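Asker: Just coords15.cif, nothing more (mmCIF, C-alpha atoms):
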```cif
data_upload
loop_
_atom_site.label_atom_id
_atom_site.label_comp_id
_atom_site.auth_asym_id
_atom_site.auth_seq_id
_atom_site.Cartn_x
_atom_site.Cartn_y
_atom_site.Cartn_z
CA MET A 1 0.00 0.00 0.00
CA ASN A 2 0.94 3.61 -0.50
CA MET A 3 2.61 4.37 2.86
CA LYS A 4 3.76 7.77 1.60
CA LEU A 5 0.10 8.72 1.20
CA GLN A 6 -0.65 7.59 4.75
CA ASP A 7 2.33 9.52 6.16
CA ARG A 8 1.02 12.66 4.49
CA TYR A 9 -2.27 12.44 6.39
CA ASP A 10 -0.76 11.75 9.80
CA TYR A 11 -3.15 12.87 12.57
CA ILE A 12 -2.12 12.55 16.20
CA GLU A 13 -4.60 12.64 19.07
CA PRO A 14 -4.07 12.36 22.85
CA GLY A 15 -3.14 8.78 23.68
CA ASP A 16 -1.00 8.34 20.58
CA PRO A 17 2.65 7.58 21.54
CA LYS A 18 3.79 10.52 19.37
CA HIS A 19 1.48 13.00 21.09
CA GLU A 20 3.49 13.56 24.29
CA PRO A 21 6.83 14.50 22.64
CA LEU A 22 5.06 16.76 20.13
CA TYR A 23 3.18 18.50 22.91
CA GLU A 24 6.46 19.15 24.74
CA LYS A 25 7.94 20.67 21.56
CA MET A 26 4.88 22.85 21.19
CA LEU A 27 5.27 24.13 24.76
CA LYS A 28 8.87 25.05 23.98
CA LYS A 29 7.71 27.01 20.91
CA GLU A 30 9.86 24.87 18.62
CA GLU A 31 8.96 25.93 15.10
CA MET A 32 10.69 23.21 13.07
CA SER A 33 8.54 20.25 14.15
CA GLY A 34 6.97 19.27 10.84
CA TYR A 35 3.49 19.48 12.39
CA TYR A 36 0.64 21.90 12.95
CA THR A 37 -1.51 22.11 16.07
CA GLY A 38 -5.29 21.92 16.32
CA VAL A 39 -7.07 23.12 19.45
CA THR A 40 -10.28 21.12 19.78
CA THR A 41 -12.00 23.46 22.24
CA THR A 42 -11.65 26.56 20.06
CA GLY A 43 -11.37 25.06 16.57
CA ILE A 44 -8.14 26.98 15.93
CA ALA A 45 -5.19 25.69 13.87
CA CYS A 46 -1.72 27.04 14.74
CA ARG A 47 1.85 26.61 13.64
CA PHE A 48 4.47 25.55 16.15
CA GLY A 49 5.96 28.66 17.71
CA CYS A 50 2.62 30.46 18.04
CA SER A 51 2.82 33.12 20.77
CA ALA A 52 -0.75 32.51 21.96
CA ALA A 53 -1.29 30.73 25.28
CA PRO A 54 -0.80 26.96 24.82
CA PRO A 55 -3.87 24.70 25.00
CA GLN A 56 -4.30 21.88 27.49
CA LYS A 57 -2.79 18.57 26.38
CA ASP A 58 -6.12 16.76 26.12
CA ASN A 59 -7.46 19.53 23.87
CA THR A 60 -4.59 19.33 21.40
CA VAL A 61 -4.19 17.36 18.16
CA PHE A 62 -1.37 17.44 15.61
CA SER A 63 -1.31 17.11 11.83
CA ARG A 64 1.54 17.16 9.31
CA ARG A 65 -0.40 19.54 7.09
CA LEU A 66 -2.36 22.68 7.83
CA PHE A 67 -4.55 21.67 4.88
CA ASP A 68 -5.98 18.68 6.74
CA LEU A 69 -6.76 20.57 9.93
CA ILE A 70 -8.73 23.08 7.86
CA ALA A 71 -10.48 20.19 6.07
CA PHE A 72 -11.44 18.81 9.48
CA GLY A 73 -13.12 22.09 10.34
CA PHE A 74 -10.40 24.05 12.11
CA ARG A 75 -9.69 27.67 11.12
CA GLU A 76 -6.36 29.49 10.90
CA CYS A 77 -5.07 31.25 14.01
CA LYS A 78 -5.09 35.05 13.64
CA VAL A 79 -2.06 35.34 15.92
CA CYS A 80 0.46 33.10 14.15
CA ARG A 81 -1.20 33.13 10.68
CA PRO A 82 -0.13 29.59 9.72
CA LEU A 83 -1.23 29.87 6.08
CA THR A 84 0.90 32.82 5.03
CA TYR A 85 3.71 32.70 7.63
CA GLY A 86 7.03 32.80 5.79
CA ALA A 87 5.62 34.25 2.58
CA GLU A 88 7.91 36.94 1.21
CA ARG A 89 5.14 38.55 -0.84
CA ASP A 90 1.37 38.77 -0.68
CA GLU A 91 0.44 36.41 -3.55
CA VAL A 92 -1.15 33.85 -1.23
CA GLU A 93 -3.40 36.33 0.55
CA THR A 94 -4.37 37.96 -2.73
CA PHE A 95 -5.20 34.60 -4.26
CA ALA A 96 -7.21 33.53 -1.20
CA GLU A 97 -9.25 36.71 -1.18
CA LEU A 98 -10.02 36.47 -4.89
CA ILE A 99 -11.05 32.84 -4.91
CA LEU A 100 -13.23 33.14 -1.81
CA LYS A 101 -15.22 35.87 -3.56
CA ALA A 102 -15.55 34.04 -6.87
CA ASP A 103 -18.90 32.52 -7.81
CA HIS A 104 -17.45 29.61 -9.76
CA PRO A 105 -13.71 29.33 -9.05
CA GLU A 106 -13.47 25.77 -10.36
CA LYS A 107 -14.43 27.08 -13.81
CA TYR A 108 -12.88 30.53 -13.90
CA LEU A 109 -9.87 30.32 -11.62
CA LYS A 110 -7.37 31.81 -14.04
CA GLN A 111 -9.77 34.61 -14.92
CA VAL A 112 -10.40 35.28 -11.22
CA SER A 113 -6.69 35.34 -10.44
CA PRO A 114 -4.85 36.24 -13.64
CA GLY A 115 -1.19 36.18 -14.46
CA ASP A 116 1.58 35.54 -11.98
CA THR A 117 -0.62 35.78 -8.88
CA TYR A 118 -2.24 32.43 -9.65
CA ARG A 119 0.98 30.61 -10.51
CA ALA A 120 3.21 32.12 -7.81
CA ALA A 121 0.69 31.47 -5.05
CA ARG A 122 0.21 27.83 -6.01
CA ARG A 123 3.96 27.21 -6.31
CA TRP A 124 4.57 28.74 -2.89
CA PHE A 125 1.76 26.75 -1.25
CA GLU A 126 2.97 23.46 -2.73
CA GLN A 127 6.48 24.05 -1.41
CA LYS A 128 5.39 25.34 1.99
CA HIS A 129 2.29 23.25 2.72
CA ASP A 130 2.64 20.11 0.55
CA GLY A 131 -0.66 20.63 -1.20
CA ASP A 132 -2.71 22.42 -3.81
CA LEU A 133 -3.75 25.96 -2.84
CA GLN A 134 -6.70 25.77 -5.18
CA LYS A 135 -8.06 22.73 -3.28
CA TYR A 136 -7.28 24.43 0.02
CA MET A 137 -9.51 27.31 -0.97
CA TYR A 138 -12.27 24.94 -2.11
CA VAL A 139 -12.15 23.42 1.39
CA LYS A 140 -12.43 26.87 2.95
CA ARG A 141 -15.46 27.63 0.77
CA VAL A 142 -17.12 24.41 1.97
CA ASN A 143 -16.36 25.33 5.59
CA HIS A 144 -17.94 28.72 4.96
CA LEU A 145 -21.03 27.09 3.43
CA LEU A 146 -21.43 24.86 6.50
CA LYS A 147 -21.15 27.63 9.10
CA SER A 148 -24.21 27.84 11.33
CA GLU A 149 -24.78 31.51 10.50
CA ASN A 150 -25.05 30.53 6.82
CA ASN A 151 -27.68 27.87 7.55
CA GLN A 152 -30.53 29.84 9.04
CA ASP A 153 -32.61 30.24 5.89
CA SER A 154 -36.27 30.27 6.94
CA GLU A 155 -37.28 29.04 3.48
CA TYR A 156 -35.58 25.71 4.20
CA THR A 157 -37.68 23.63 6.59
CA ASN A 158 -35.53 20.49 6.86
CA ILE A 159 -32.14 19.67 8.35
CA ILE A 160 -29.16 17.85 6.81
CA THR A 161 -26.73 16.86 9.53
CA TYR A 162 -23.05 16.30 8.83
CA GLN A 163 -19.90 14.90 10.40
CA ARG A 164 -16.25 14.76 9.36
CA TYR A 165 -14.01 11.68 9.67
CA TRP A 166 -10.25 11.43 9.67
CA THR A 167 -8.94 8.52 7.58
CA PRO A 168 -5.46 7.32 6.59
CA ILE A 169 -5.94 8.99 3.19
CA GLY A 170 -7.62 12.26 4.09
CA VAL A 171 -10.67 13.84 5.68
CA LEU A 172 -14.12 12.62 4.68
CA ILE A 173 -17.39 14.47 5.20
CA ALA A 174 -20.72 12.67 5.46
CA CYS A 175 -24.22 14.13 5.27
CA PHE A 176 -27.34 12.51 6.71
CA TYR A 177 -31.01 13.07 6.02
CA GLU A 178 -33.79 11.34 7.92
CA GLY A 179 -31.47 8.68 9.26
CA GLU A 180 -29.73 7.85 5.98
CA CYS A 181 -26.36 8.82 4.50
CA CYS A 182 -26.85 10.96 1.40
CA LEU A 183 -23.21 12.03 0.86
CA LEU A 184 -19.73 10.77 1.68
CA GLU A 185 -16.88 12.62 -0.02
CA PHE A 186 -13.29 13.65 0.52
CA MET A 187 -13.24 17.24 1.73
CA ASP A 188 -10.86 18.33 -1.03
CA ARG A 189 -13.05 17.12 -3.89
CA ARG A 190 -13.45 20.01 -6.30
CA ALA A 191 -17.18 19.45 -6.84
CA LEU A 192 -18.06 19.11 -3.14
CA GLU A 193 -19.43 22.64 -2.79
CA THR A 194 -21.68 22.08 -5.81
CA GLU A 195 -22.86 18.74 -4.41
CA LEU A 196 -23.72 20.27 -1.04
CA LEU A 197 -25.66 23.10 -2.67
CA PHE A 198 -27.55 20.52 -4.75
CA LEU A 199 -28.56 18.62 -1.60
CA LYS A 200 -29.51 21.84 0.17
CA ARG A 201 -31.92 22.79 -2.62
CA LYS A 202 -33.16 19.27 -3.38
CA LEU A 203 -33.95 18.44 0.24
CA ASN A 204 -35.07 21.95 1.17
CA ALA A 205 -32.67 21.86 4.11
CA ASN A 206 -30.08 23.76 6.11
CA PHE A 207 -26.87 22.09 7.28
CA LYS A 208 -26.22 21.39 10.95
CA LYS A 209 -23.25 19.64 12.55
CA ARG A 210 -24.76 16.99 14.77
CA ALA A 211 -23.75 13.49 15.83
CA GLY A 212 -26.31 10.72 15.82
CA ALA A 213 -26.61 6.96 15.80
CA VAL A 214 -26.06 6.65 12.04
CA SER A 215 -23.07 9.03 11.97
CA ARG A 216 -21.46 7.11 14.85
CA GLN A 217 -22.18 3.84 13.06
CA LEU A 218 -20.51 5.17 9.92
CA GLY A 219 -17.46 6.30 11.89
CA LYS A 220 -17.11 2.85 13.41
CA GLU A 221 -17.54 1.08 10.08
CA LEU A 222 -15.08 3.36 8.28
CA LYS A 223 -12.46 2.69 10.96
CA GLU A 224 -13.03 -1.05 10.58
CA TYR A 225 -12.83 -0.76 6.79
CA PHE A 226 -9.48 1.04 6.83
CA THR A 227 -8.00 -1.48 9.28
CA GLY A 228 -9.17 -4.33 7.03
CA GLU A 229 -11.76 -5.64 9.48
CA ARG A 230 -14.82 -4.80 7.37
CA GLN A 231 -15.70 -5.62 3.76
CA THR A 232 -19.34 -4.51 3.63
CA PHE A 233 -21.22 -1.58 5.12
CA THR A 234 -24.59 -1.57 6.85
CA VAL A 235 -25.18 2.18 7.04
CA PRO A 236 -28.50 3.04 5.34
CA LEU A 237 -28.03 5.07 2.15
CA ALA A 238 -30.13 7.69 0.40
CA SER A 239 -28.83 8.14 -3.14
CA ILE A 240 -30.40 11.00 -5.05
CA GLY A 241 -30.21 10.89 -8.83
CA THR A 242 -31.89 9.95 -12.10
CA ALA A 243 -33.25 6.46 -12.70
CA PHE A 244 -30.19 5.61 -14.81
CA GLN A 245 -27.79 6.95 -12.19
CA LEU A 246 -29.52 4.95 -9.44
CA GLU A 247 -29.33 1.82 -11.59
CA THR A 248 -25.62 2.43 -12.21
CA TRP A 249 -24.88 3.03 -8.53
CA ASP A 250 -26.76 -0.13 -7.54
CA ALA A 251 -24.53 -2.04 -9.96
CA LEU A 252 -21.45 -0.58 -8.26
CA LYS A 253 -22.58 -2.07 -4.95
CA GLU A 254 -22.64 -5.49 -6.62
CA ILE A 255 -18.89 -5.44 -7.37
CA PRO A 256 -17.36 -7.73 -4.72
CA TYR A 257 -14.76 -6.46 -2.25
CA GLY A 258 -11.23 -7.08 -3.52
CA THR A 259 -12.24 -7.21 -7.19
CA THR A 260 -12.58 -4.72 -10.02
CA ARG A 261 -14.73 -4.28 -13.11
CA SER A 262 -14.02 -2.32 -16.28
CA TYR A 263 -16.27 0.49 -17.46
CA LYS A 264 -17.16 -1.69 -20.43
CA GLY A 265 -17.87 -4.60 -18.11
CA GLN A 266 -20.12 -2.47 -15.98
CA ALA A 267 -22.07 -1.29 -19.03
CA GLU A 268 -22.50 -4.91 -20.13
CA HIS A 269 -23.55 -5.89 -16.59
CA LEU A 270 -26.29 -3.27 -16.83
CA GLY A 271 -27.40 -4.69 -20.19
CA ARG A 272 -26.29 -1.50 -21.96
CA PRO A 273 -23.05 -2.53 -23.74
CA THR A 274 -22.94 0.63 -25.88
CA ALA A 275 -23.45 3.01 -22.95
CA VAL A 276 -19.88 2.97 -21.65
CA ARG A 277 -19.54 6.75 -21.67
CA ALA A 278 -22.91 7.24 -19.95
CA VAL A 279 -21.99 4.69 -17.30
CA ALA A 280 -18.66 6.39 -16.66
CA ASN A 281 -20.43 9.73 -16.33
CA ALA A 282 -22.93 8.27 -13.85
CA ASN A 283 -20.06 6.81 -11.83
CA GLY A 284 -18.56 10.28 -11.63
CA LYS A 285 -21.85 11.65 -10.24
CA ASN A 286 -21.81 9.23 -7.31
CA ARG A 287 -21.87 11.29 -4.12
CA ILE A 288 -21.31 8.40 -1.69
CA CYS A 289 -17.73 7.19 -2.13
CA ILE A 290 -16.37 3.93 -0.66
CA LEU A 291 -19.83 2.76 0.46
CA ILE A 292 -20.91 2.84 -3.19
CA PRO A 293 -17.53 1.63 -4.51
CA CYS A 294 -16.95 3.54 -7.74
CA HIS A 295 -13.21 3.08 -7.03
CA ARG A 296 -13.58 -0.57 -8.12
CA VAL A 297 -14.19 0.42 -11.75
CA ILE A 298 -11.04 0.63 -13.89
CA GLY A 299 -10.02 0.97 -17.53
CA ASP A 300 -10.29 -1.95 -19.95
CA ASN A 301 -6.51 -2.36 -19.89
CA GLY A 302 -6.34 -2.25 -16.10
CA ASP A 303 -5.40 1.43 -15.87
CA LEU A 304 -6.73 3.52 -13.00
CA ARG A 305 -9.07 6.17 -14.35
CA GLY A 306 -11.63 8.71 -13.34
CA TYR A 307 -11.70 8.95 -9.53
CA ALA A 308 -12.68 12.36 -8.19
CA GLY A 309 -10.92 11.70 -4.88
CA GLY A 310 -7.61 11.28 -6.73
CA LEU A 311 -5.93 8.30 -8.39
CA ASP A 312 -3.52 7.87 -5.46
CA ARG A 313 -6.49 7.30 -3.18
CA LYS A 314 -8.11 4.95 -5.69
CA GLN A 315 -4.91 2.91 -5.80
CA PHE A 316 -4.75 2.82 -2.00
CA LEU A 317 -8.34 1.58 -1.69
CA LEU A 318 -7.88 -1.12 -4.33
CA GLU A 319 -4.62 -2.32 -2.75
CA LEU A 320 -6.21 -2.33 0.70
CA GLU A 321 -9.13 -4.44 -0.49
CA LYS A 322 -6.96 -6.77 -2.52
CA SER A 323 -4.58 -7.44 0.39
CA LYS A 324 -7.37 -7.99 2.93
CA GLY A 325 -9.54 -9.90 0.51
CA LEU A 326 -6.84 -12.53 0.12
CA GLN A 327 -6.68 -13.22 3.86
#
```
Let me see whether you can do it: turn the structure in this file into C-alpha cells.

Answerer:
Amino acid sequence: MNMKLQDRYDYIEPGDPKHEPLYEKMLKKEEMSGYYTGVTTTGIACRFGCSAAPPQKDNTVFSRRLFDLIAFGFRECKVCRPLTYGAERDEVETFAELILKADHPEKYLKQVSPGDTYRAARRWFEQKHDGDLQKYMYVKRVNHLLKSENNQDSEYTNIITYQRYWTPIGVLIACFYEGECCLLEFMDRRALETELLFLKRKLNANFKKRAGAVSRQLGKELKEYFTGERQTFTVPLASIGTAFQLETWDALKEIPYGTTRSYKGQAEHLGRPTAVRAVANANGKNRICILIPCHRVIGDNGDLRGYAGGLDRKQFLLELEKSKGLQ
C-alpha cells in the first residue's frame, strides 16, 4: 500500500505515543517540528511557535499539514497566521481573497486570479504546505457554506446533519437526512461545494453539525474498513439521482470487495453494452464514495481512471481491499 500517502495524512490525538513528545515541543515554541496544532476546544489551527497561550494537552491534536486541519473544520489562528507565515510577498493572501469571492472558481480560476498571482501562489503553497492551494480554498469555501450563521434560511424547513471523519488517506465528510447517508466525499473534492448546494436545494434543508446513531455507526464502520476488518457496510443510504444513475450506482454495490470491473464490463452488466460513456459519467456523479464503490471500476486495460478523490487514493483503496480480501 501507499505508505507515503498515509504519512502525508498523519493525525495525532491524545493517547498516541507521538502525542506527548510533540506536545512538549509545542510548549517550547519549537517551530521546526513538521506538524501543525489543532485546538479542539476553540477550533483553531496554529503553527508551532505560536505566541498565543498553549492549549491543554487533552485539547490538542497534531497534523503534518495545515490543509488537513482546515479540512477537518479548524480555522487558521489570527495570531500566528499559519497559512501565510514565511511568505515573502502577498500572492497567497491575494489569491485567497479572490477565490473566496468568486462565484465559480473551479471554472474561472485563471480569470479570477490572472497572471503571476495564480501561478506564484500555487507554487509557494505546494512548497510550503505540501498541497494544492486551489483545493485548500475549495475546502475553505465548503467550511464557509457549512457555518451555522449561513444555515438559518427560513425558506428551508428540513435539516441535513453532517460529520467529518479522519482517515489514513484524508478527511471525509458525510451528510445525513432522515437517518440515511446521502453524501460521503473527501473534503478536497473540487465538486463538493456544488454537491452540497444541490442537496440543500433538493432536500429543502439547512446544514447542521450533529452526531447521531447513524453518523457514529458510519465512523465505526469506516475505521473497521481502513483497518481491514470490514468488507461490507450496513449504514442506510439515500442516493439521489436519475433512474439511470440509481441503476448504475446499484450495480457498483454489486462489485465484490477485492475485485474490479471495467467500465465496459459495468455497461455490459447493466445490459447497456454501448453506454460505456454514460456509465462512466454516472459513476462520476456518485456522491457516496467507498460505500458505493466507484473506485472498483477501472479501464479496460487495467489502468486507474476517473476517480474524483484522486488516483492515489483509488490505488490505495484497491490495494487495501486486494490485500485484505486474500486473507

Asker: At a cut-off of 12 Å, using only C-alpha atoms, what residues contact Ala45 of chain A? Leave out same-chain residues fewer than 6 positions from it and give the result as a PyMOL selection string.

Answerer: chain A and resi 35-39+52+54-55+59-83

Asker: Name the residues captured by the PyMOL selection byres ((chain A and resi 217) around 12) when it is applied to the shown file; answer as an MDAnalysis selection string.

Answerer: chainID A and resid 163 165 174 176 179:181 211:216 218:224 233:236

Asker: Measure the distance from atom CA of Arg313 of chain A to atom CA of Arg296 of chain A in Å and round it to one decimal.

Answerer: 11.7 Å

Asker: Would you mind reading off the distance between atom CA of Glu126 of chain A and atom CA of Asn143 of chain A, one decimal, in Å?

Answerer: 21.1 Å

Asker: Point out the residue among A:Tyr263, A:Ala278, A:Glu268, A:Tyr11 with the least atom-to-atom distance to Gly299 of chain A, counting all atoms listed in the file.

Answerer: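 Distance minimum relative to Gly299 of chain A lands on A:Tyr263.
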
Asker: Given the file above and the PyMOL selection byres ((chain A and resi 247) around 12), which residues are selected, and can you give them as a list in words?

Answerer: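 So the PyMOL selection byres ((chain A and resi 247) around 12), applied here, picks out Ser239, Ile240, Gly241, Thr242, Ala243, Phe244, Gln245, Leu246, Thr248, Trp249, Asp250, Ala251, Leu252, Lys253, Glu254, Gln266, Ala267, His269, Leu270, Gly271, Arg272, Ala278, Val279, Ala282, Asn283, Asn286 and Ile292 of chain A.
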
Asker: Taking only C-alpha atoms into account, name the residue in A:Arg141, A:Lys322, A:Arg47, A:Arg287 that is nearest to Leu27 of chain A.

Answerer: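 Of all the options, A:Arg47 lies closest to Leu27 of chain A.
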
Asker: Go through A:Val142, A:Ile298, A:Met26, A:Leu318 one by one, measure the shortest atom-to-atom distance of each to Val276 of chain A using only C-alpha atoms, and give the residue with the smallest value.

Answerer: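 Among the listed residues, A:Ile298 lies closest to Val276 of chain A.
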
Asker: Starting from the PyMOL selection byres ((chain A and resi 122) around 9), expand the selection into actual residues of this file and give them as a ChimeraX atom specification.

Answerer: /A:91-92,95,117-121,123-127,131-134

Asker: Could you check how far atom CA of Tyr257 of chain A sits from atom CA of Pro273 of chain A, in Å to one decimal?

Answerer: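 Atom CA of Tyr257 of chain A sits 23.4 Å away from atom CA of Pro273 of chain A.
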
Asker: Measuring atom to atom with all atoms listed in the file, identify which of A:Thr161, A:Ser154, A:Asn204, A:Thr42 is nearest to Leu183 of chain A.

Answerer: A:Thr161

Asker: Pick the closest to Leu311 of chain A from A:Cys182, A:Ile169, A:Val139, A:Leu291: which is it, counting only C-alpha atoms?

Answerer: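 The closest residue to Leu311 of chain A is A:Ile169.
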
Asker: Of the candidates A:Tyr162, A:Tyr136, A:Arg230, A:Ala308, which one gets nearest to Ser148 of chain A if we count all atoms listed in the file?

Answerer: A:Tyr162
